[in-house]
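All remarks here apply to the structure that follows.
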Amino acid sequence: MKHACWVIETVLFALFSLPLLVLPYRLSLKTGELLGLLLFYIWGSRRNIAFENIKNAIARNAITLSLPPESIIKENFKNLGRSFVEVVKIYYGFGKKILDAVMIEGEENFRKAISIGKGVIFVTGHCGNWELLAIAFSSKVSNIAVVARPLNNPYLNRLLERARGRYGNSVIYKKSALKNIFTRLRSEGIVGILIDQGVVPSEGYVIDFLGRGAWTTKMPAIIARKTGAPVLPAFIRRDGDGHLITLGNEIKLSYIEDQEKAIMADTQTFSNYIEEYIRQNPSEWLWMHRRWKRV
């Protein structure tokens, strides 16, 4: 039964996504906006989570908005719709205009970090079109491996793997992540880790995130300390009809002597970069995620 459901899902995805390929670039973005807006109105459970998250962040004085929460969340869903259309076009090989419209700022920070010879760790979050961040970086600068969990549907996951591989991307699955990350860094490779999803207690610490404690992965801090690989913040945001990727300076690790406290401090420092992104670009973070679960 599960196999049949996977096949049906894959067929429906193909039938739904293929018509998007023939649309001109700007019209495809408008179509994505409409899809996101439709999702805003029909996916009530996630819309409610997004509203709850953003209103709580405002109540804690963690963010200040220039627009009402409803406008931010509505734009958030529209951004997700645009991102979906962009990713579909890229995965089917129709993404040249999308990739050409991605600019990169701070590449010199990456060049300096990679010259150390210990690889590079990028920390980022579910900000902007995060899938495009990895693809554009791979196509314009250097191959990158991204830590992720596989899709539940193995057929769609295989499609995703092939598409990522076309642009030089690879995936390190969480189940065997540590060993593969160390191997990648030893060969002076680049690893991207999204750090803004909740983890189980054994995998992280409760650190402050937008004014409230949230379980956050300690993996980047542990790996950075064991390997000496520099850690850089990497984010993408919409810029007109295109995107801007910003690669920050190397993040300095804590000087605290107690290792556990130092790792916890590093984890907080890494997470602060995502907070700042959200404050600057509130409609481009994944508000519909249950970020504060288990606390």
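By order in the structure tokens, chains are A, B, ...; within a chain, residues start at 1; ligands start at 1, following the order shown.
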Sorted by chain and rising residue number, which residues of stretch 129-211 of chain A lie within 10 Å of stretch 57-79 of chain A, and what are their closest atom pairs and distances in Å to one decimal, counting only C-alpha atoms, as CSV?
residue,atom,partner,partner_atom,distance
A:Asn129,CA,A:Asn79,CA,8.1
A:Phe209,CA,A:Ala62,CA,8.6
A:Leu210,CA,A:Ala62,CA,5.0
A:Gly211,CA,A:Ala62,CA,5.5
Long-range neighbours of A:Glu131 as a PyMOL selection string, 9 Å cut-off, only C-alpha atoms, 5 positions minimum in chain: chain A and resi 83+87+126+136
Which of stretch 110-278 of chain A fall in alpha helix (DSSP H), as a PyMOL selection string: chain A and resi 110-114+130-140+154-166+177-186+219-227+259-278
Proximity to A:Leu156 - best of A:Leu12, A:Cys127, A:Met264, A:Leu194, only C-alpha atoms: A:Leu12
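Atom CA of A:Asn153 is positioned 26.0 Å from atom CA of A:Leu34.
For A:Pro150, the residues within 10 Å (counting only C-alpha atoms, excluding itself and residues fewer than 4 positions away along the chain) are A:Pro154, A:Leu156, A:Asn157, A:Arg158, A:Leu160, A:Glu161, A:Val171, A:Ile172, A:Tyr173, A:Lys174, A:Lys175.
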